[in-house]
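A.B. asks: mmCIF, C-alpha atoms, saved as work.cif, coming up:
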data_upload
loop_
_atom_site.label_atom_id
_atom_site.label_comp_id
_atom_site.auth_asym_id
_atom_site.auth_seq_id
_atom_site.Cartn_x
_atom_site.Cartn_y
_atom_site.Cartn_z
CA MET N 1 -26.27 10.14 12.58
CA LYS N 2 -23.72 12.59 11.25
CA THR N 3 -21.68 12.38 14.47
CA PHE N 4 -21.87 8.60 14.35
CA SER N 5 -20.51 8.52 10.77
CA ARG N 6 -17.72 10.93 11.59
CA LYS N 7 -16.70 8.86 14.58
CA TRP N 8 -16.59 5.71 12.50
CA LEU N 9 -14.65 7.50 9.80
CA ALA N 10 -12.15 8.99 12.23
CA ALA N 11 -11.02 5.65 13.67
CA PRO N 12 -9.81 4.05 10.41
CA LEU N 13 -8.38 7.39 9.31
CA ALA N 14 -6.34 7.61 12.50
CA ALA N 15 -5.21 4.02 12.04
CA LEU N 16 -4.22 4.76 8.45
CA LEU N 17 -2.27 7.85 9.47
CA THR N 18 -0.52 5.90 12.22
CA ALA N 19 0.38 3.17 9.75
CA VAL N 20 1.73 5.73 7.29
CA ALA N 21 3.73 7.41 10.06
CA LEU N 22 5.16 4.07 11.14
CA ALA N 23 5.95 3.06 7.58
CA ALA N 24 7.68 6.35 6.80
CA PRO N 25 11.45 6.15 6.86
CA PRO N 26 13.03 7.74 9.91
CA PRO N 27 14.70 11.10 9.38
CA GLY N 28 18.38 10.73 8.64
CA LEU N 29 17.97 7.57 6.59
CA LEU N 30 19.37 7.72 3.07
CA VAL N 31 18.35 5.57 0.16
CA LEU N 32 21.68 4.06 -0.78
CA PRO N 33 22.05 2.55 -4.24
CA GLU N 34 23.15 -1.05 -4.42
CA PHE N 35 26.38 -0.12 -6.21
CA ASP N 36 26.46 -3.54 -7.86
CA ALA N 37 28.68 -2.32 -10.67
CA LEU N 38 31.12 -0.86 -8.17
CA ALA N 39 31.19 -4.04 -6.14
CA LYS N 40 32.14 -6.01 -9.24
CA LYS N 41 35.01 -3.68 -10.04
CA ALA N 42 36.22 -3.29 -6.49
CA THR N 43 39.06 -5.29 -5.05
CA GLU N 44 37.57 -4.90 -1.59
CA SER N 45 34.06 -3.99 -0.66
CA VAL N 46 32.20 -3.44 2.58
CA ASN N 47 28.43 -3.55 2.50
CA ILE N 48 26.87 -3.22 5.93
CA SER N 49 23.21 -2.61 6.65
CA LEU N 50 22.29 -2.68 10.29
CA ASP N 51 18.63 -1.84 10.82
CA PRO N 52 17.19 -1.31 14.32
CA ALA N 53 16.57 -5.03 14.81
CA LEU N 54 20.12 -6.01 13.84
CA LEU N 55 21.55 -3.16 15.90
CA GLY N 56 19.63 -4.46 18.89
CA LEU N 57 20.87 -7.97 18.21
CA ALA N 58 24.46 -6.73 17.88
CA ALA N 59 24.09 -4.76 21.12
CA SER N 60 22.96 -7.89 22.93
CA PHE N 61 26.21 -9.55 21.89
CA LEU N 62 28.35 -6.77 23.33
CA ASP N 63 29.91 -7.60 26.65
CA SER N 64 29.24 -4.83 29.15
CA ASN N 65 32.26 -5.95 31.17
CA GLU N 66 34.58 -5.15 28.27
CA PRO N 67 35.38 -1.41 28.20
CA GLN N 68 35.30 -1.20 24.38
CA ASP N 69 32.04 -3.13 24.15
CA ALA N 70 30.50 -1.01 26.90
CA ALA N 71 31.54 2.18 25.08
CA THR N 72 30.11 0.82 21.83
CA ARG N 73 26.85 -0.09 23.53
CA GLN N 74 26.55 3.46 24.89
CA LEU N 75 27.36 4.93 21.50
CA ILE N 76 24.72 2.97 19.64
CA ALA N 77 22.06 3.34 22.32
CA GLY N 78 20.18 6.06 20.43
CA LEU N 79 20.82 4.78 16.93
CA LYS N 80 18.26 3.38 14.53
CA GLY N 81 20.59 2.14 11.85
CA ILE N 82 24.10 2.10 10.46
CA TYR N 83 24.67 1.69 6.75
CA VAL N 84 28.11 1.52 5.19
CA ARG N 85 29.16 1.12 1.58
CA SER N 86 32.88 1.16 0.98
CA TYR N 87 34.75 0.09 -2.14
CA THR N 88 38.48 -0.09 -2.79
CA PHE N 89 39.83 -0.26 -6.33
CA ASP N 90 43.19 -1.11 -7.83
CA ALA N 91 43.07 1.83 -10.24
CA ASP N 92 42.52 5.53 -9.72
CA PHE N 93 39.02 6.98 -10.11
CA ALA N 94 37.42 3.73 -11.21
CA TYR N 95 34.05 4.67 -9.80
CA PRO N 96 31.42 6.77 -11.54
CA ALA N 97 30.73 10.16 -10.00
CA ALA N 98 27.05 9.95 -11.00
CA GLN N 99 26.21 7.45 -8.28
CA VAL N 100 27.98 9.55 -5.68
CA ASP N 101 26.05 12.58 -6.88
CA ALA N 102 22.78 10.64 -6.58
CA VAL N 103 23.49 10.16 -2.91
CA ARG N 104 24.60 13.77 -2.44
CA ALA N 105 21.33 14.91 -4.01
CA GLN N 106 19.45 13.48 -1.03
CA LEU N 107 21.47 15.55 1.41
CA THR N 108 19.57 18.75 1.01
CA ALA N 109 18.56 21.53 3.39
CA PRO N 110 16.70 22.07 5.60
CA ALA N 111 16.95 18.53 7.00
CA TRP N 112 20.58 17.97 6.11
CA GLN N 113 23.33 20.45 6.90
CA ARG N 114 26.89 20.09 5.77
CA LEU N 115 29.04 20.11 8.86
CA VAL N 116 32.45 19.64 7.29
CA GLN N 117 33.71 19.67 3.74
CA VAL N 118 37.31 18.81 3.11
CA ASN N 119 39.03 18.85 -0.26
CA SER N 120 42.63 17.96 -0.70
CA SER N 121 43.90 18.65 -4.19
CA ARG N 122 47.23 17.11 -3.26
CA GLU N 123 45.75 13.83 -2.06
CA HIS N 124 42.77 14.00 -4.44
CA THR N 125 40.57 13.42 -1.45
CA HIS N 126 37.13 14.80 -0.86
CA VAL N 127 35.22 14.27 2.38
CA ASP N 128 31.81 15.65 3.27
CA ILE N 129 30.19 15.24 6.65
CA TYR N 130 26.49 16.03 6.86
CA VAL N 131 24.22 16.13 9.88
CA CYS N 132 20.45 15.72 9.80
CA ALA N 133 18.78 17.69 12.56
CA GLU N 134 15.13 17.83 13.51
CA HIS N 135 13.88 20.16 16.24
CA GLY N 136 17.47 20.81 17.21
CA VAL N 137 18.25 17.12 17.73
CA ALA N 138 20.69 15.29 15.50
CA GLN N 139 18.84 12.49 13.71
CA GLY N 140 21.48 11.32 11.32
CA LEU N 141 25.06 11.61 10.16
CA THR N 142 26.43 10.95 6.73
CA ILE N 143 30.03 10.78 5.63
CA ILE N 144 30.89 10.70 1.95
CA ALA N 145 34.56 10.15 1.31
CA SER N 146 36.03 9.98 -2.17
CA GLU N 147 39.65 9.06 -2.59
CA PRO N 148 41.44 8.09 -5.78
CA ARG N 149 41.08 4.38 -5.06
CA GLU N 150 38.40 4.31 -2.43
CA PHE N 151 34.85 5.45 -2.17
CA THR N 152 32.90 5.30 1.09
CA ILE N 153 29.46 6.29 2.28
CA VAL N 154 28.53 6.00 5.94
CA ASN N 155 24.96 6.72 6.99
CA ILE N 156 24.24 6.63 10.70
CA VAL N 157 20.56 7.02 11.58
CA GLY N 158 19.37 8.18 14.97
CA ALA N 159 20.20 10.58 17.72
CA ILE N 160 23.93 10.79 17.50
CA ASP N 161 25.79 12.11 20.43
CA LEU N 162 28.84 13.64 18.81
CA ALA N 163 30.31 14.30 22.24
CA ARG N 164 30.07 10.59 22.99
CA LEU N 165 31.61 9.79 19.64
CA HIS N 166 34.30 12.23 20.61
CA GLN N 167 34.79 10.40 23.89
CA LEU N 168 35.61 7.28 21.95
CA GLU N 169 38.86 8.86 20.86
CA GLY N 170 41.58 6.33 21.38
CA LYS N 171 39.14 3.47 21.93
CA PHE N 172 38.48 2.83 18.28
CA GLY N 173 41.44 4.95 17.24
CA ILE N 174 39.04 7.82 16.60
CA PRO N 175 41.16 10.93 16.49
CA LYS N 176 40.32 14.36 17.81
CA LEU N 177 38.26 15.83 15.00
CA PRO N 178 38.29 19.59 15.04
CA LEU N 179 34.55 19.92 14.49
CA PRO N 180 33.47 23.51 14.32
CA GLU N 181 30.36 24.69 16.14
CA GLY N 182 28.43 25.28 12.94
CA SER N 183 29.43 24.73 9.35
CA ALA N 184 33.07 24.39 8.59
CA GLY N 185 34.71 26.97 6.43
CA GLY N 186 38.05 27.78 4.95
CA LYS N 187 39.71 28.46 1.73
CA ASP N 188 41.11 26.19 -0.92
CA ASP N 189 41.01 22.81 0.76
CA LYS N 190 38.16 23.45 3.15
CA GLN N 191 34.99 24.84 1.71
CA PRO N 192 32.22 26.37 3.71
CA GLY N 193 29.28 24.18 4.49
CA ARG N 194 25.82 24.88 3.20
CA MET K 1 -26.16 -70.89 74.77
CA SER K 2 -24.84 -69.87 71.43
CA GLU K 3 -27.49 -71.84 69.50
CA ASP K 4 -30.18 -70.02 71.40
CA MET K 5 -28.74 -66.71 70.43
CA HIS K 6 -28.64 -67.80 66.78
CA ASP K 7 -32.30 -68.84 66.87
CA ASP K 8 -33.18 -65.50 68.37
CA LEU K 9 -31.40 -63.62 65.62
CA GLU K 10 -33.03 -65.68 62.91
CA ASN K 11 -36.41 -64.84 64.19
CA THR K 12 -36.02 -61.09 64.30
CA PRO K 13 -38.37 -59.10 62.05
CA LEU K 14 -35.45 -57.83 60.02
CA GLU K 15 -34.24 -61.35 59.36
CA ARG K 16 -37.67 -62.42 58.30
CA ARG K 17 -38.10 -59.48 55.96
CA LEU K 18 -34.75 -60.10 54.39
CA ARG K 19 -35.46 -63.75 53.87
CA ALA K 20 -38.78 -62.91 52.24
CA ALA K 21 -37.24 -60.34 49.98
CA LEU K 22 -34.39 -62.57 48.87
CA THR K 23 -36.53 -65.58 48.09
CA PRO K 24 -35.81 -66.63 44.44
CA ALA K 25 -38.78 -65.88 42.21
CA ASP K 26 -39.34 -66.67 38.55
CA PRO K 27 -39.93 -63.75 36.17
CA PRO K 28 -43.50 -63.28 35.08
CA PRO K 29 -44.46 -64.94 31.81
CA GLY K 30 -43.49 -62.96 28.72
CA PHE K 31 -40.67 -61.11 30.50
CA VAL K 32 -37.94 -62.49 28.30
CA ALA K 33 -39.92 -61.85 25.13
CA GLY K 34 -40.56 -58.26 26.23
CA VAL K 35 -36.90 -57.60 26.95
CA MET K 36 -35.86 -59.08 23.61
CA ALA K 37 -38.49 -56.97 21.81
CA ARG K 38 -37.21 -53.76 23.44
CA VAL K 39 -33.64 -54.61 22.56
CA ALA K 40 -34.63 -55.19 18.97
CA ALA K 41 -36.63 -51.94 18.85
CA GLU K 42 -33.84 -49.64 20.21
CA PRO K 43 -31.32 -48.35 17.68
CA ALA K 44 -27.91 -49.80 18.10
CA ALA K 45 -25.67 -47.47 20.10
CA PRO K 46 -22.54 -46.44 18.22
CA GLN K 47 -19.78 -48.59 19.42
CA ARG K 48 -16.65 -46.87 20.53
CA ALA K 49 -13.89 -47.88 18.27
CA ARG K 50 -11.35 -49.60 20.32
CA ARG K 51 -7.88 -48.48 19.46
CA SER K 52 -5.60 -51.27 18.69
CA PRO K 53 -2.27 -51.39 20.51
CA ALA K 54 -0.51 -50.59 17.21
CA VAL K 55 -2.43 -47.31 16.86
CA VAL K 56 -1.72 -46.38 20.47
CA SER K 57 1.99 -46.99 20.02
CA TRP K 58 2.01 -44.92 16.80
CA VAL K 59 0.31 -42.04 18.59
CA ALA K 60 2.86 -42.25 21.40
CA PHE K 61 5.66 -42.37 18.86
CA GLY K 62 4.21 -39.35 17.05
CA LEU K 63 3.98 -37.36 20.26
CA ALA K 64 7.52 -38.27 21.24
CA ALA K 65 8.78 -37.42 17.75
CA SER K 66 7.08 -34.03 17.80
CA VAL K 67 8.60 -33.24 21.19
CA VAL K 68 12.07 -34.21 19.94
CA LEU K 69 11.51 -32.20 16.75
CA SER K 70 10.42 -29.15 18.74
CA VAL K 71 13.53 -29.37 20.92
CA LEU K 72 15.73 -29.73 17.83
CA LEU K 73 14.07 -26.79 16.09
CA ALA K 74 14.43 -24.62 19.21
CA HIS K 75 18.09 -25.56 19.43
CA GLN K 76 18.60 -24.84 15.73
CA TRP K 77 16.87 -21.47 16.12
CA GLN K 78 19.07 -20.65 19.08
CA VAL K 79 22.24 -21.60 17.18
CA ARG K 80 21.18 -19.47 14.22
CA ARG K 81 20.31 -16.58 16.51
CA ILE K 82 23.78 -16.73 18.08
CA GLU K 83 25.41 -16.82 14.64
CA GLN K 84 23.32 -13.83 13.51
CA GLY K 85 24.20 -11.96 16.71
CA ARG K 86 27.91 -12.57 16.27
CA GLU K 87 27.73 -11.51 12.63
CA ALA K 88 25.76 -8.37 13.57
CA ARG K 89 28.36 -7.55 16.23
CA ARG K 90 31.17 -8.05 13.72
CA GLN K 91 29.39 -5.80 11.21
CA LEU K 92 28.78 -3.15 13.86
CA LEU K 93 32.45 -3.04 14.83
CA GLU K 94 33.44 -3.00 11.13
CA ALA K 95 31.03 -0.12 10.48
CA LEU K 96 32.48 1.83 13.40
CA ARG K 97 35.98 1.06 12.16
CA VAL K 98 35.16 2.44 8.70
CA THR K 99 33.52 5.51 10.25
CA ASP K 100 36.56 6.01 12.43
CA GLU K 101 38.83 5.63 9.42
CA LYS K 102 36.99 8.30 7.47
CA LEU K 103 36.94 10.69 10.43
CA ASP K 104 40.65 10.05 10.73
CA LEU K 105 41.07 10.84 7.03
CA THR K 106 39.20 14.11 7.52
CA TYR K 107 41.38 14.92 10.49
CA ARG K 108 44.57 14.18 8.56
CA VAL K 109 43.53 16.31 5.59
CA VAL K 110 42.48 19.17 7.84
CA ASN K 111 45.73 18.99 9.78
CA ALA K 112 47.80 18.80 6.61
CA GLN K 113 46.67 22.30 5.69
CA PRO K 114 48.64 25.36 6.79
CA ARG K 115 47.36 26.51 10.16
CA ALA K 116 46.68 29.96 8.70
CA ALA K 117 44.03 28.47 6.44
CA LEU K 118 42.12 26.91 9.34
CA PRO K 119 39.09 28.76 10.58
CA PRO K 120 38.89 29.55 14.24
CA HIS K 121 36.85 26.96 16.08
CA SER K 122 35.74 26.16 19.56
CA GLY K 123 38.40 23.54 20.03
CA ALA K 124 36.00 20.58 19.97
#
Please go through the file and, once you have read it, give me the structure as structure tokens.
C.D. replies:
Amino acid sequence: MKTFSRKWLAAPLAALLTAVALAAPPPGLLVLPEFDALAKKATESVNISLDPALLGLAASFLDSNEPQDAATRQLIAGLKGIYVRSYTFDADFAYPAAQVDAVRAQLTAPAWQRLVQVNSSREHTHVDIYVCAEHGVAQGLTIIASEPREFTIVNIVGAIDLARLHQLEGKFGIPKLPLPEGSAGGKDDKQPGR
Amino acid sequence: MSEDMHDDLENTPLERRLRAALTPADPPPGFVAGVMARVAAEPAAPQRARRSPAVVSWVAFGLAASVVLSVLLAHQWQVRRIEQGREARRQLLEALRVTDEKLDLTYRVVNAQPRAALPPHSGA
């Protein structure tokens, strides 16, 4: 009787755990604020949310015979989402730092590692590139770029092949990015990663 | 010759039996009354409603309309799907463009620094 009860208890429990696992957000996915206030102030705004379904749909509209489309299709093959928020303003520093900090607060170790941090006091530009790794496999990439009149967050979810991204140099105008093996470091304008 | 043959045929046992069996006979007395009594005693069978031609034509029209509607809806769904796909493709390329732009910005800022300040790297 005891075995019977346990068996009948185990099945729904397993189903519940599976449902929870499926409902859990994938690693590398950030909760991005809506930035409504920023969008109102911005002269230009880009708000892109491509979940796995939309990514799949977009991929089906890429022409494999076109070299750029074929490269894009390869690049996004292992991705589970691309989320972009970018706002351009007509005045310097028109965006609140608090909302940027709220996003940065999610990028914590051990899941997230800062790959590159670039500060330019001359250009008043600050760029952080974070990578989310799980079991040694990259599961997400986040770029936070703050410029005097522009603020951008890019969150790419999924197994990102940086080498493949690197191969796209010239195709999307992606330049050679001197990515260090581990965390970037330097003095003044380049700070060491976490 | 032929009349003889006919007479012979008429007189065969089969012919005689047939003639006897097919002789008209009146029903026994009370037969009609009995039949009428049984008819009256049995419950009336439900009559199948006969569809009028108007109903039949409305049903046909309804079927045709639903087929046309299904085709229209499928076409509409397909058109919307194509629009969504094109929009998703546009957004994907825009997202990659923005990503590219920010990587480019990083590259520019890194390169703008004196080479002495750069850390040694693997040359990725």
A.B. asks: For the provided coordinates, the residues matched by the PyMOL selection byres ((chain N and resi 30-37) around 10) should be stated as JSON, numbers by chain.
C.D. replies: {"N": [25, 26, 27, 28, 29, 38, 39, 40, 41, 42, 47, 83, 84, 85, 86, 87, 95, 96, 99, 100, 102, 103, 104, 106, 107, 140, 141, 142, 153, 154, 155, 156, 157]}
A.B. asks: Would you kindly return, as a PyMOL selection string, each protein, DNA or RNA residue with an atom no farther than 8 Å from any atom of segment 81-85 of chain K, considering all atoms listed in the file and excluding same-chain residues fewer than 4 positions away?
C.D. replies: (chain N and resi 54+57-58+60-61) or (chain K and resi 77+89)
A.B. asks: What's the separation between atom CA of Asn119 of chain N and atom CA of Val109 of chain K, in Å to one decimal place?
C.D. replies: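 A separation of 7.8 Å between them.
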A.B. asks: For atom CA of Thr125 of chain N and atom CA of Ile82 of chain N, determine how far apart the two atoms are, in Å to one decimal place.
C.D. replies: 23.3 Å
A.B. asks: Taking only C-alpha atoms into account, name the residue in N:Ala14, N:Ile76, N:Cys132, N:Ala97 that is nearest to chain K.
C.D. replies: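 Among N:Ala14, N:Ile76, N:Cys132, N:Ala97, it is N:Ile76 that comes nearest to chain K.
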A.B. asks: Between N:Pro12, N:Gly136, N:Pro148, N:Gly158, which one has atoms that come closest to Pro52 of chain N, using all atoms listed in the file?
C.D. replies: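 Answer, going by the shortest atom-to-atom distance: N:Gly158.
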A.B. asks: Rounded to one decimal place, report the atom CA of Ile48 of chain N-atom CA of Ala138 of chain N distance in Å.
C.D. replies: 21.7 Å
A.B. asks: Which residues fall under the PyMOL selection byres ((chain N and resi 130) around 9) in this file, as a ChimeraX atom specification?
C.D. replies: /N:107,112-117,128-129,131-132,140-144,193
A.B. asks: Can you list, as a PyMOL selection string, the residues that the PyMOL selection byres ((chain K and resi 93) around 12) selects here?
C.D. replies: (chain N and resi 48+50+55+58-59+61-62+68-69+71-73+75-76+82+84+171-172) or (chain K and resi 86-92+94-100)
A.B. asks: From the set N:Asp101, N:Lys80, N:Ser49, N:Pro67, which residue has the shortest atom-to-atom contact distance to chain K, counting only C-alpha atoms?
C.D. replies: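 Answer, going by the shortest atom-to-atom distance: N:Ser49.
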A.B. asks: Can you tell me which residues surround Ala159 of chain N at a distance of at most 6 Å, considering only C-alpha atoms, apart from same-chain residues fewer than 6 positions away, and format the answer as a list in words?
C.D. replies: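 Contacts, in chain order: Gly78, Leu79, Ala138 and Gln139 of chain N.
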A.B. asks: Would you mind exporting C-alpha atoms of the selected residues as a JSON list (two decimals), in the coordinates of the input?
C.D. replies:
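Result saved to out_32.json:
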[["chain", "number", "residue", "atom", "x", "y", "z"],
["N", 78, "GLY", "CA", 20.18, 6.06, 20.43],
["N", 79, "LEU", "CA", 20.82, 4.78, 16.93],
["N", 138, "ALA", "CA", 20.69, 15.29, 15.50],
["N", 139, "GLN", "CA", 18.84, 12.49, 13.71]]
A.B. asks: Please, what is the axis-aligned box for every listed atom of segment 57-65 of chain N with 5 Å on each side, as centre and edge lengths in Å to one decimal, as JSON?
C.D. replies:
{"center_x": 26.6, "center_y": -7.2, "center_z": 24.5, "size_x": 21.4, "size_y": 14.8, "size_z": 23.3}
